[in-house]
>>> print(open('work.cif').read())   # mmCIF, C-alpha atoms
data_data
#
loop_
_atom_site.label_atom_id
_atom_site.label_comp_id
_atom_site.auth_asym_id
_atom_site.auth_seq_id
_atom_site.Cartn_x
_atom_site.Cartn_y
_atom_site.Cartn_z
CA MET A 138 -82.28 7.29 9.52
CA ASN A 139 -82.16 9.90 12.24
CA LEU A 140 -83.30 7.44 14.86
CA ASP A 141 -81.35 4.89 16.87
CA ARG A 142 -83.07 1.70 15.71
CA SER A 143 -81.60 -0.37 18.54
CA VAL A 144 -83.71 1.42 21.17
CA VAL A 145 -87.01 1.28 19.29
CA PRO A 146 -88.20 -2.09 20.74
CA THR A 147 -87.67 -0.67 24.25
CA ILE A 148 -89.56 2.52 23.39
CA LEU A 149 -92.48 0.58 21.94
CA ALA A 150 -92.60 -1.61 25.05
CA VAL A 151 -92.51 1.45 27.33
CA LEU A 152 -95.34 3.11 25.40
CA LYS A 153 -97.39 -0.06 25.76
CA LEU A 154 -96.66 -0.10 29.50
CA LEU A 155 -97.69 3.55 29.90
CA GLU A 156 -100.90 2.82 28.02
CA ALA A 157 -101.53 -0.22 30.24
CA ASN A 158 -100.90 1.83 33.38
CA PHE A 159 -103.27 4.47 32.10
CA VAL A 160 -105.97 1.84 31.50
CA ALA A 161 -105.40 0.38 34.98
CA THR A 162 -105.55 3.84 36.55
CA GLN A 163 -108.78 4.62 34.73
CA ARG A 164 -110.23 1.31 35.92
CA ASN A 165 -109.46 2.17 39.54
CA GLN A 166 -110.93 5.66 39.38
CA ALA A 167 -114.44 6.29 40.70
CA VAL A 168 -115.27 8.07 37.45
CA PRO A 169 -113.57 6.21 34.63
CA TYR A 170 -112.13 7.96 31.60
CA GLY A 171 -111.63 11.25 33.43
CA SER A 172 -108.85 13.64 32.55
CA PRO A 173 -105.54 11.77 32.52
CA SER A 174 -103.86 14.83 33.97
CA ASP A 175 -105.60 13.92 37.22
CA ALA A 176 -104.30 10.41 37.17
CA ASP A 177 -100.94 9.15 38.24
CA PHE A 178 -100.06 6.43 35.81
CA ASN A 179 -96.43 6.29 36.83
CA VAL A 180 -95.31 8.14 33.74
CA GLU A 181 -92.42 10.01 35.34
CA SER A 182 -91.07 7.05 37.29
CA ILE A 183 -91.06 4.94 34.12
CA ILE A 184 -89.60 7.56 31.78
CA ASN A 185 -86.91 8.47 34.29
CA GLN A 186 -85.55 4.97 33.85
CA LEU A 187 -84.79 5.71 30.21
CA SER A 188 -81.45 7.05 29.04
CA ASP A 189 -81.27 10.47 27.38
CA GLY A 190 -80.94 8.80 23.98
CA GLU A 191 -84.02 6.68 24.64
CA LYS A 192 -85.99 9.77 25.66
CA VAL A 193 -85.04 11.46 22.39
CA ALA A 194 -86.19 8.39 20.46
CA LEU A 195 -89.42 8.29 22.48
CA ARG A 196 -90.21 11.91 21.56
CA LYS A 197 -89.48 11.28 17.87
CA ILE A 198 -91.73 8.22 17.75
CA LEU A 199 -94.47 9.92 19.76
CA LEU A 200 -94.44 13.02 17.56
CA SER A 201 -94.40 10.94 14.36
CA MET A 202 -97.41 8.92 15.47
CA ILE A 203 -99.32 12.04 16.51
CA LEU A 204 -98.66 13.63 13.11
CA MET A 205 -99.77 10.44 11.36
CA THR A 206 -103.06 10.24 13.25
CA SER A 207 -103.91 13.92 13.52
CA GLY A 208 -105.55 14.42 10.16
CA ALA A 209 -102.48 15.63 8.24
CA VAL A 210 -101.50 12.29 6.75
CA HIS A 211 -100.93 13.99 3.39
CA LEU A 212 -98.04 15.92 4.96
CA VAL A 213 -96.48 12.72 6.30
CA ARG A 214 -96.80 11.22 2.80
CA ASN A 215 -95.49 14.37 1.14
CA PRO A 216 -93.58 16.67 3.55
CA GLU A 217 -92.69 18.97 0.62
CA SER A 218 -96.26 20.28 0.64
CA TYR A 219 -95.79 21.57 4.22
CA ASP A 220 -96.76 25.21 4.70
CA GLY A 221 -95.52 26.67 7.99
CA ALA A 222 -97.94 29.59 7.73
CA VAL A 223 -100.97 27.34 8.29
CA ALA A 224 -99.37 24.63 10.44
CA GLU A 225 -101.12 23.73 13.70
CA SER A 226 -99.24 23.79 16.98
CA LEU A 227 -98.58 20.48 18.68
CA GLY A 228 -100.90 21.61 21.48
CA GLU A 229 -103.82 21.61 19.04
CA ILE A 230 -103.39 17.99 18.00
CA ILE A 231 -101.84 16.16 20.98
CA SER A 232 -104.10 14.31 23.44
CA ASP A 233 -103.94 15.05 27.17
CA TYR A 234 -102.56 11.56 27.69
CA ALA A 235 -99.74 11.98 25.16
CA LYS A 236 -98.98 15.47 26.46
CA ILE A 237 -98.01 14.05 29.86
CA ILE A 238 -95.63 11.55 28.22
CA TRP A 239 -94.23 14.25 25.89
CA LEU A 240 -93.43 16.62 28.75
CA ALA A 241 -92.07 13.87 31.01
CA SER A 242 -89.64 12.83 28.27
CA GLY A 243 -88.27 16.39 27.96
CA GLY A 244 -90.39 17.73 25.10
CA PRO A 245 -91.08 21.49 24.84
CA ASN A 246 -94.46 22.95 25.76
CA PRO A 247 -96.81 21.64 23.00
CA ASP A 248 -98.68 24.96 22.86
CA SER A 249 -95.52 26.81 21.87
CA TYR A 250 -94.17 24.15 19.52
CA THR A 251 -95.29 23.88 15.90
CA PRO A 252 -94.20 20.70 14.09
CA THR A 253 -91.83 21.52 11.24
CA ARG A 254 -91.34 20.13 7.76
CA SER A 255 -88.42 18.14 9.17
CA ASP A 256 -90.74 16.54 11.74
CA TYR A 257 -93.07 15.39 8.95
CA ALA A 258 -90.09 14.16 6.92
CA LEU A 259 -88.80 12.23 9.93
CA ALA A 260 -92.27 10.72 10.46
CA LYS A 261 -92.32 9.58 6.82
CA GLN A 262 -88.88 8.06 7.29
CA ILE A 263 -89.30 6.22 10.59
CA LEU A 264 -92.94 5.12 10.65
CA PRO A 265 -92.50 2.20 8.21
CA PHE A 266 -89.81 0.77 10.46
CA VAL A 267 -91.52 1.50 13.77
CA SER A 268 -94.90 0.10 12.68
CA SER A 269 -93.43 -3.09 11.23
CA LEU A 270 -91.59 -4.26 14.35
CA PRO A 271 -93.05 -7.35 16.03
CA THR A 272 -94.36 -6.38 19.46
CA ASP A 273 -96.10 -9.52 20.61
CA ARG A 274 -96.88 -9.87 24.30
CA LYS A 275 -93.92 -12.19 25.00
CA ARG A 276 -91.38 -9.72 23.56
CA VAL A 277 -92.92 -6.71 25.27
CA LEU A 278 -93.06 -8.41 28.67
CA ALA A 279 -89.48 -9.67 28.30
CA ILE A 280 -88.22 -6.11 27.67
CA LEU A 281 -90.25 -4.61 30.51
CA LYS A 282 -89.30 -7.30 33.03
CA GLY A 283 -85.66 -7.00 31.94
CA ARG A 284 -85.77 -3.29 32.78
CA GLY A 285 -87.68 -3.88 36.02
CA MET A 286 -90.55 -1.78 34.77
CA ILE A 287 -93.38 -4.18 35.42
CA GLY A 288 -94.44 -6.02 38.55
CA GLY A 289 -92.99 -3.59 41.10
CA GLN A 290 -93.79 0.07 40.90
CA SER A 291 -96.47 -0.56 38.33
CA GLY A 292 -98.51 -2.64 40.76
CA ASN A 293 -101.84 -1.68 39.26
CA THR A 294 -100.96 -2.93 35.84
CA GLN A 295 -101.84 -6.45 34.84
CA GLU A 296 -100.23 -8.20 31.92
CA ASP A 297 -103.59 -8.34 30.18
CA ASP A 298 -103.73 -4.53 30.22
CA ILE A 299 -100.96 -4.47 27.63
CA LYS A 300 -102.79 -4.07 24.36
CA ILE A 301 -101.70 -6.35 21.54
CA ALA A 302 -104.01 -6.73 18.56
CA ASP A 303 -104.16 -10.32 17.32
CA THR A 304 -106.41 -9.27 14.45
CA LEU A 305 -106.49 -5.93 12.68
CA TYR A 306 -109.05 -4.71 10.17
CA ARG A 307 -108.88 -2.38 7.21
CA GLY A 308 -111.80 -1.20 5.12
CA LEU A 309 -111.55 -0.02 1.52
CA ASN A 310 -114.03 1.47 -0.90
CA SER A 311 -114.11 2.73 -4.49
CA LEU A 312 -112.10 -0.24 -5.78
CA SER A 313 -112.37 -1.01 -9.49
CA SER A 314 -113.19 -4.35 -11.10
CA ARG A 315 -109.54 -4.51 -12.19
CA HIS A 316 -108.46 -4.45 -8.56
CA LEU A 317 -110.80 -7.29 -7.61
CA MET A 318 -109.81 -9.28 -10.70
CA TYR A 319 -106.17 -8.99 -9.68
CA LEU A 320 -106.96 -10.14 -6.15
CA PHE A 321 -109.22 -13.03 -7.24
CA TYR A 322 -107.16 -14.29 -10.17
CA THR A 323 -103.67 -14.03 -8.67
CA ASN A 324 -102.39 -16.96 -6.64
CA LYS A 325 -101.60 -15.50 -3.19
CA PRO A 326 -101.46 -11.83 -4.16
CA THR A 327 -99.38 -9.46 -2.07
CA TRP A 328 -100.20 -5.92 -1.04
CA ASN A 329 -97.42 -3.52 -0.13
CA ILE A 330 -98.31 -1.37 2.89
CA GLN A 331 -94.76 -0.35 3.76
CA ARG A 332 -95.74 3.32 3.71
CA SER A 333 -97.47 2.65 7.07
CA VAL A 334 -101.24 2.54 6.92
CA SER A 335 -104.17 3.03 9.20
CA THR A 336 -105.86 -0.13 10.53
CA SER A 337 -108.14 -0.80 13.48
CA LYS A 338 -108.66 -3.44 16.12
CA ASP A 339 -112.35 -2.62 15.86
CA VAL A 340 -114.03 -4.28 12.88
CA ASN A 341 -116.89 -1.76 12.95
CA THR A 342 -114.47 1.13 12.39
CA ALA A 343 -113.18 -0.61 9.26
CA LYS A 344 -116.71 -1.41 8.09
CA ALA A 345 -117.87 2.18 8.62
CA PHE A 346 -114.99 3.49 6.51
CA MET A 347 -115.69 0.86 3.86
CA MET A 348 -119.31 2.05 3.56
CA LYS A 349 -118.39 5.74 3.33
CA LYS A 350 -117.96 5.72 -0.43
CA LYS A 351 -119.07 3.77 -3.46
CA PRO A 352 -118.42 0.08 -4.24
CA TRP A 353 -116.57 -2.09 -4.83
CA ARG A 354 -115.87 -2.39 -1.14
CA LEU A 355 -113.47 -4.71 0.65
CA LEU A 356 -112.84 -5.59 4.28
CA ILE A 357 -109.38 -6.97 5.01
CA GLU A 358 -108.98 -9.13 8.10
CA ILE A 359 -105.29 -9.22 9.04
CA ASN A 360 -103.96 -12.05 11.18
CA ASN A 361 -101.37 -10.28 13.30
CA ALA A 362 -99.72 -13.18 15.11
CA ASN A 363 -96.46 -11.26 15.67
CA GLY A 364 -98.25 -8.30 17.20
CA GLN A 365 -97.04 -5.81 14.59
CA GLY A 366 -98.57 -2.37 14.44
CA PHE A 367 -98.32 0.66 16.68
CA HIS A 368 -101.38 1.44 18.78
CA ALA A 369 -101.81 5.14 18.18
CA GLY A 370 -105.35 5.37 19.48
CA ASP A 371 -104.74 7.53 22.55
CA LEU A 372 -102.09 9.87 21.20
CA SER A 373 -103.89 12.49 19.12
CA LYS A 374 -106.97 14.57 19.94
CA TYR A 375 -108.78 13.09 16.98
CA ASP A 376 -111.16 10.21 17.43
CA THR A 377 -108.80 7.37 16.60
CA GLU A 378 -109.64 4.85 19.28
CA GLU A 379 -108.33 1.38 18.48
CA GLU A 380 -106.28 2.71 15.54
CA TYR A 381 -103.10 0.81 14.78
CA ILE A 382 -100.47 2.05 12.33
CA LEU A 383 -99.20 -0.97 10.46
CA SER A 384 -96.41 -1.51 7.96
CA GLY A 385 -95.19 -4.49 5.95
CA ILE A 386 -96.33 -6.76 3.14
CA LEU A 387 -99.82 -8.23 3.25
CA SER A 388 -100.30 -11.72 1.84
CA ILE A 389 -103.89 -12.30 0.78
CA ASN A 390 -104.59 -15.94 1.59
CA GLU A 391 -108.24 -16.03 0.56
CA ILE A 392 -110.85 -13.63 -0.70
CA GLU A 393 -114.61 -13.95 -0.98
CA MET A 394 -117.49 -11.85 -2.20
CA ALA A 395 -121.16 -12.52 -1.48
CA PHE A 396 -124.53 -10.94 -2.16
CA SER A 397 -128.21 -11.69 -2.62
CA SER A 398 -129.60 -11.96 -6.11
CA LYS A 399 -132.74 -12.87 -8.03
CA GLN A 400 -133.04 -14.56 -11.37
CA SER A 401 -134.77 -12.22 -13.81
CA GLY A 402 -138.55 -12.70 -13.59
CA GLU A 403 -138.34 -14.73 -10.34
CA ASP A 404 -139.04 -13.68 -6.76
CA GLU A 405 -136.84 -16.20 -4.95
CA LEU A 406 -133.71 -14.73 -3.36
CA LEU A 407 -130.53 -16.59 -4.19
CA GLU A 408 -127.26 -16.21 -2.31
CA VAL A 409 -124.36 -15.74 -4.71
CA SER A 410 -120.75 -16.09 -3.65
CA ILE A 411 -117.32 -16.30 -5.24
CA SER A 412 -114.26 -17.37 -3.30
CA SER A 413 -110.65 -17.69 -4.32
CA ALA A 414 -107.81 -19.30 -2.40
CA GLY A 415 -104.52 -20.68 -3.62
CA GLY A 416 -105.46 -20.02 -7.23
CA ASN A 417 -108.69 -22.04 -7.00
CA MET A 418 -111.98 -20.29 -7.53
CA THR A 419 -115.37 -21.53 -6.35
CA GLY A 420 -118.71 -19.96 -7.21
CA LYS A 421 -122.18 -20.55 -5.81
CA ILE A 422 -125.65 -19.51 -6.89
CA GLY A 423 -128.25 -20.81 -4.47
CA ASP A 424 -127.50 -24.50 -3.96
CA GLN A 425 -125.46 -24.84 -7.16
CA THR A 426 -121.67 -24.90 -6.89
CA PHE A 427 -119.28 -24.11 -9.72
CA GLU A 428 -115.56 -24.75 -9.89
CA GLY A 429 -112.74 -23.86 -12.24
CA LYS A 430 -113.73 -22.29 -15.55
CA ASP A 431 -117.41 -22.05 -14.63
CA ALA A 432 -116.59 -20.24 -11.39
CA SER A 433 -114.22 -17.98 -13.27
CA ASN A 434 -116.91 -17.16 -15.82
CA LEU A 435 -119.42 -16.44 -13.07
CA PHE A 436 -116.95 -14.06 -11.42
CA LEU A 437 -116.15 -12.38 -14.71
CA SER A 438 -119.86 -11.93 -15.47
CA ILE A 439 -120.29 -10.17 -12.13
CA MET A 440 -117.24 -7.98 -12.73
CA THR A 441 -118.54 -6.99 -16.18
CA HIS A 442 -122.16 -6.52 -15.00
CA LYS A 443 -124.54 -4.05 -16.57
CA SER A 444 -126.06 -1.18 -14.59
CA ASP A 445 -129.44 0.52 -14.87
CA PRO A 446 -129.72 3.44 -12.43
CA GLU A 447 -133.51 3.50 -12.94
CA GLU A 448 -134.00 0.09 -11.33
CA ILE A 449 -133.93 -0.79 -7.61
CA GLU A 450 -131.77 -3.83 -8.28
CA GLN A 451 -129.56 -1.81 -10.55
CA GLU A 452 -127.10 -4.42 -11.72
CA THR A 453 -127.49 -7.50 -13.88
CA PHE A 454 -125.16 -10.27 -14.90
CA SER A 455 -125.65 -13.26 -17.17
CA PHE A 456 -124.51 -16.78 -16.47
CA LYS A 457 -125.27 -20.01 -18.32
CA GLY A 458 -128.02 -18.32 -20.34
CA LYS A 459 -129.80 -16.82 -17.33
CA THR A 460 -129.91 -13.21 -16.18
CA TYR A 461 -129.55 -12.32 -12.51
CA LEU A 462 -130.35 -9.05 -10.74
CA PHE A 463 -128.38 -7.68 -7.79
CA THR A 464 -127.44 -4.43 -6.08
CA LYS A 465 -123.76 -3.60 -6.12
CA HIS A 466 -124.19 -1.45 -3.01
CA TYR A 467 -124.89 -4.60 -0.95
CA VAL A 468 -122.02 -6.73 -2.21
CA LYS A 469 -119.75 -7.79 0.65
CA ALA A 470 -116.16 -8.73 -0.02
CA ILE A 471 -113.72 -9.90 2.61
CA ALA A 472 -110.06 -10.85 2.29
CA LYS A 473 -108.10 -12.80 4.89
CA ALA A 474 -104.46 -11.75 5.07
CA THR A 475 -101.28 -12.18 7.05
CA ILE A 476 -98.66 -9.49 7.58
CA GLN A 477 -94.92 -9.89 7.09
CA ASN A 478 -92.05 -7.49 7.65
CA MET B 230 -126.79 -42.25 -24.35
CA LYS B 231 -128.44 -40.53 -27.28
CA LEU B 232 -128.92 -36.79 -26.91
CA THR B 233 -131.98 -35.01 -28.16
CA LYS B 234 -131.60 -32.11 -30.57
CA LEU B 235 -132.63 -29.76 -27.79
CA GLN B 236 -129.92 -31.13 -25.45
CA ILE B 237 -127.26 -30.82 -28.15
CA LYS B 238 -128.39 -27.27 -28.86
CA GLN B 239 -128.15 -26.45 -25.14
CA ILE B 240 -124.63 -27.92 -24.85
CA ILE B 241 -123.41 -25.97 -27.89
CA LYS B 242 -124.97 -22.81 -26.48
CA GLU B 243 -123.22 -23.29 -23.13
CA GLU B 244 -119.89 -24.07 -24.78
CA LEU B 245 -120.16 -20.99 -26.96
CA GLU B 246 -121.02 -18.92 -23.95
CA ALA B 247 -118.01 -20.32 -22.09
CA VAL B 248 -115.71 -19.62 -25.03
CA MET B 249 -117.01 -16.08 -25.31
CA HIS B 250 -116.45 -15.53 -21.59
CA GLU B 251 -112.95 -16.96 -21.85
CA ALA B 252 -112.16 -14.63 -24.73
CA GLU B 253 -113.53 -11.73 -22.77
CA LYS B 254 -111.53 -12.78 -19.72
CA GLU B 255 -108.35 -12.98 -21.76
CA SER B 256 -108.86 -9.49 -23.12
CA GLN B 257 -109.64 -8.17 -19.63
CA LEU B 258 -106.55 -9.83 -18.17
CA GLU B 259 -104.37 -8.30 -20.87
CA GLU B 260 -105.45 -4.93 -19.52
CA LEU B 261 -104.40 -5.94 -16.03
CA ASN B 262 -100.93 -4.50 -15.72
CA GLU B 263 -99.92 -6.02 -12.41
CA GLU B 264 -97.51 -3.26 -11.45
CA ASP B 265 -100.09 -0.54 -12.16
CA ILE B 266 -102.72 -2.32 -10.11
CA LYS B 267 -100.35 -2.91 -7.20
CA LYS B 268 -99.50 0.78 -7.19
CA GLU B 269 -103.20 1.74 -7.24
CA LEU B 270 -103.88 -0.62 -4.34
CA GLU B 271 -100.99 0.89 -2.36
CA ASP B 272 -102.46 4.34 -2.95
CA ALA B 273 -105.93 3.18 -1.90
CA MET B 274 -104.53 1.82 1.35
CA SER B 275 -102.60 5.03 2.10
CA GLN B 276 -105.73 6.98 2.93
CA PRO B 277 -106.41 7.38 6.65
CA MET B 278 -109.35 5.28 7.83
CA LYS B 279 -111.37 8.24 9.08
#
>>> encode(input="work.cif", output="structure tokens")
Amino acid sequence: MNLDRSVVPTILAVLKLLEANFVATQRNQAVPYGSPSDADFNVESIINQLSDGEKVALRKILLSMILMTSGAVHLVRNPESYDGAVAESLGEIISDYAKIIWLASGGPNPDSYTPTRSDYALAKQILPFVSSLPTDRKRVLAILKGRGMIGGQSGNTQEDDIKIADTLYRGLNSLSSRHLMYLFYTNKPTWNIQRSVSTSKDVNTAKAFMMKKKPWRLLIEINNANGQGFHAGDLSKYDTEEEYILSGILSINEIEMAFSSKQSGEDELLEVSISSAGGNMTGKIGDQTFEGKDASNLFLSIMTHKSDPEEIEQETFSFKGKTYLFTKHYVKAIAKATIQN
Amino acid sequence: MKLTKLQIKQIIKEELEAVMHEAEKESQLEELNEEDIKKELEDAMSQPMK
């Protein structure tokens, strides 16, 4: 890997400090969220404390994250499809905030620099490692205090300004019944996200993405106790506030789906839910609870439902001799997961 | 406890229904190639959340 791994924890801590300083500076301005070019968030004094090798690593990580969050994810996934003739300059995709850091760390003028195929290839190579490193508050503060970067010159910054996401969210849509069956029937299923994926600290961002396309839809709530994930929200010009790039293996600890239903010919609304944790499935229809094989059969009936596009409640499933109506569009599914390196 | 004909009929109906569901589940699960599904889930997660 064309990146000195040993300096990455320091670079991640420095980027978090710069972000915290920026937040503190914005807070102290009469007009918050003005142009960061007008604000002194100690960027030069902090970056000047880095060695030349650390500055190189900082630029590589910064550029990789900008490429990942700038709308050309397909090129990060597949750098071979890069076409230099239509490539955007860095100036077109970098945020004002990131531009200051880029220049202070010795990067060329973004307007005259166009990311190359090698840059995308490097991003593909280093992002899984960078976005899987634990960066919990304790580690970050230890690094920054060890380098004398917090508490003195950065007087405006408070420890709470350092953003660490304890919980991250990811929305998914267009899943098939096979996908849900795997997740519900497997005891503690795992989900490989080592390619580095987009998550958000903001649950509404994940929900909005989840609703963008057709069901089945799933919201994943990721317990991020080790503070993994790179906060890339302020780096690109695109609207990516609260976006965290995360890498690792997700362990799905429990999963649940719920929706409102009516028995055929009846008006009463019944809440239906199926949950699975540790290989045990529980189903509910109204005030009736089903375990084991019955719950499994209820889940399977829902997965193999029938659809009638002419009806408002388009879907039907049968269970214990009764037919129930529901609308797949309104089915909510949520999985609770933890992330490991 | 003596069951009425209707109750016995209902129990047999439910058991049959359960057996049919089990058979259906088995056939569905056979189609679940774990490695294929894991790969599809990885791909689904690779899309940017925008």
>>> closest_atom_pairs(input="work.cif", of="region 314-428 of chain A", to="region 446-457 of chain A", cutoff="10 Å", atoms="only C-alpha atoms", output="JSON lines")
{"residue": "A:Ser398", "atom": "CA", "partner": "A:Glu450", "partner_atom": "CA", "distance": 8.7}
{"residue": "A:Lys399", "atom": "CA", "partner": "A:Glu450", "partner_atom": "CA", "distance": 9.1}
{"residue": "A:Gln400", "atom": "CA", "partner": "A:Thr453", "partner_atom": "CA", "distance": 9.3}
{"residue": "A:Ser401", "atom": "CA", "partner": "A:Thr453", "partner_atom": "CA", "distance": 8.7}
>>> atom_distance(input="work.cif", atom1="CA of Asn139 (chain A)", atom2="CA of Asn246 (chain A)")
22.5 Å
>>> closest_residue(input="work.cif", among="A:Ile299, A:Ala369, A:Leu309, A:Val145", to="Met205 (chain A)", atoms="only C-alpha atoms")
A:Ala369
>>> closest_residue(input="work.cif", among="A:Tyr319, A:Gly285, A:Phe396, A:Val277", to="Asp297 (chain A)", atoms="all atoms listed in the file")
A:Val277
>>> closest_atom_pairs(input="work.cif", of="chain A", to="chain B", cutoff="9 Å", atoms="only C-alpha atoms", output="JSON lines")
{"residue": "A:Met205", "atom": "CA", "partner": "B:Pro277", "partner_atom": "CA", "distance": 8.7}
{"residue": "A:Thr206", "atom": "CA", "partner": "B:Pro277", "partner_atom": "CA", "distance": 7.9}
{"residue": "A:Gly208", "atom": "CA", "partner": "B:Pro277", "partner_atom": "CA", "distance": 7.9}
{"residue": "A:Val210", "atom": "CA", "partner": "B:Pro277", "partner_atom": "CA", "distance": 6.9}
{"residue": "A:His211", "atom": "CA", "partner": "B:Gln276", "partner_atom": "CA", "distance": 8.5}
{"residue": "A:Arg214", "atom": "CA", "partner": "B:Ser275", "partner_atom": "CA", "distance": 8.5}
{"residue": "A:Arg307", "atom": "CA", "partner": "B:Met278", "partner_atom": "CA", "distance": 7.7}
{"residue": "A:Gly308", "atom": "CA", "partner": "B:Met278", "partner_atom": "CA", "distance": 7.4}
{"residue": "A:Leu309", "atom": "CA", "partner": "B:Met274", "partner_atom": "CA", "distance": 7.3}
{"residue": "A:Asn310", "atom": "CA", "partner": "B:Ala273", "partner_atom": "CA", "distance": 8.3}
{"residue": "A:Ser311", "atom": "CA", "partner": "B:Ala273", "partner_atom": "CA", "distance": 8.6}
{"residue": "A:Leu312", "atom": "CA", "partner": "B:Ala273", "partner_atom": "CA", "distance": 8.1}
{"residue": "A:Arg315", "atom": "CA", "partner": "B:Leu261", "partner_atom": "CA", "distance": 6.6}
{"residue": "A:His316", "atom": "CA", "partner": "B:Ile266", "partner_atom": "CA", "distance": 6.3}
{"residue": "A:Met318", "atom": "CA", "partner": "B:Leu258", "partner_atom": "CA", "distance": 8.2}
{"residue": "A:Tyr319", "atom": "CA", "partner": "B:Leu261", "partner_atom": "CA", "distance": 7.3}
{"residue": "A:Thr327", "atom": "CA", "partner": "B:Lys267", "partner_atom": "CA", "distance": 8.4}
{"residue": "A:Trp328", "atom": "CA", "partner": "B:Lys267", "partner_atom": "CA", "distance": 6.9}
{"residue": "A:Asn329", "atom": "CA", "partner": "B:Glu271", "partner_atom": "CA", "distance": 6.1}
{"residue": "A:Ile330", "atom": "CA", "partner": "B:Glu271", "partner_atom": "CA", "distance": 6.3}
{"residue": "A:Gln331", "atom": "CA", "partner": "B:Glu271", "partner_atom": "CA", "distance": 8.8}
{"residue": "A:Arg332", "atom": "CA", "partner": "B:Ser275", "partner_atom": "CA", "distance": 7.3}
{"residue": "A:Ser333", "atom": "CA", "partner": "B:Ser275", "partner_atom": "CA", "distance": 7.5}
{"residue": "A:Val334", "atom": "CA", "partner": "B:Ser275", "partner_atom": "CA", "distance": 5.6}
{"residue": "A:Ser335", "atom": "CA", "partner": "B:Pro277", "partner_atom": "CA", "distance": 5.5}
{"residue": "A:Thr336", "atom": "CA", "partner": "B:Met278", "partner_atom": "CA", "distance": 7.0}
{"residue": "A:Ser337", "atom": "CA", "partner": "B:Met278", "partner_atom": "CA", "distance": 8.4}
{"residue": "A:Thr342", "atom": "CA", "partner": "B:Met278", "partner_atom": "CA", "distance": 8.0}
{"residue": "A:Ala343", "atom": "CA", "partner": "B:Met278", "partner_atom": "CA", "distance": 7.2}
{"residue": "A:Ala345", "atom": "CA", "partner": "B:Lys279", "partner_atom": "CA", "distance": 8.9}
{"residue": "A:Phe346", "atom": "CA", "partner": "B:Met278", "partner_atom": "CA", "distance": 6.1}
{"residue": "A:Met347", "atom": "CA", "partner": "B:Met278", "partner_atom": "CA", "distance": 8.7}
{"residue": "A:Asp376", "atom": "CA", "partner": "B:Lys279", "partner_atom": "CA", "distance": 8.6}
{"residue": "A:Thr377", "atom": "CA", "partner": "B:Lys279", "partner_atom": "CA", "distance": 8.0}
{"residue": "A:Glu380", "atom": "CA", "partner": "B:Met278", "partner_atom": "CA", "distance": 8.7}
{"residue": "A:Lys430", "atom": "CA", "partner": "B:Ala247", "partner_atom": "CA", "distance": 8.1}
{"residue": "A:Asp431", "atom": "CA", "partner": "B:Ala247", "partner_atom": "CA", "distance": 7.7}
{"residue": "A:Ser433", "atom": "CA", "partner": "B:Lys254", "partner_atom": "CA", "distance": 8.7}
{"residue": "A:Asn434", "atom": "CA", "partner": "B:His250", "partner_atom": "CA", "distance": 6.0}
{"residue": "A:Leu437", "atom": "CA", "partner": "B:Lys254", "partner_atom": "CA", "distance": 6.8}
{"residue": "A:Ser438", "atom": "CA", "partner": "B:His250", "partner_atom": "CA", "distance": 7.9}
{"residue": "A:Phe456", "atom": "CA", "partner": "B:Glu246", "partner_atom": "CA", "distance": 8.5}
{"residue": "A:Lys457", "atom": "CA", "partner": "B:Glu243", "partner_atom": "CA", "distance": 6.2}
{"residue": "A:Gly458", "atom": "CA", "partner": "B:Glu243", "partner_atom": "CA", "distance": 7.5}
>>> atom_distance(input="work.cif", atom1="CA of Glu191 (chain A)", atom2="CA of Thr147 (chain A)")
8.2 Å
>>> atom_distance(input="work.cif", atom1="CA of Thr323 (chain A)", atom2="CA of Ser397 (chain A)")
25.4 Å
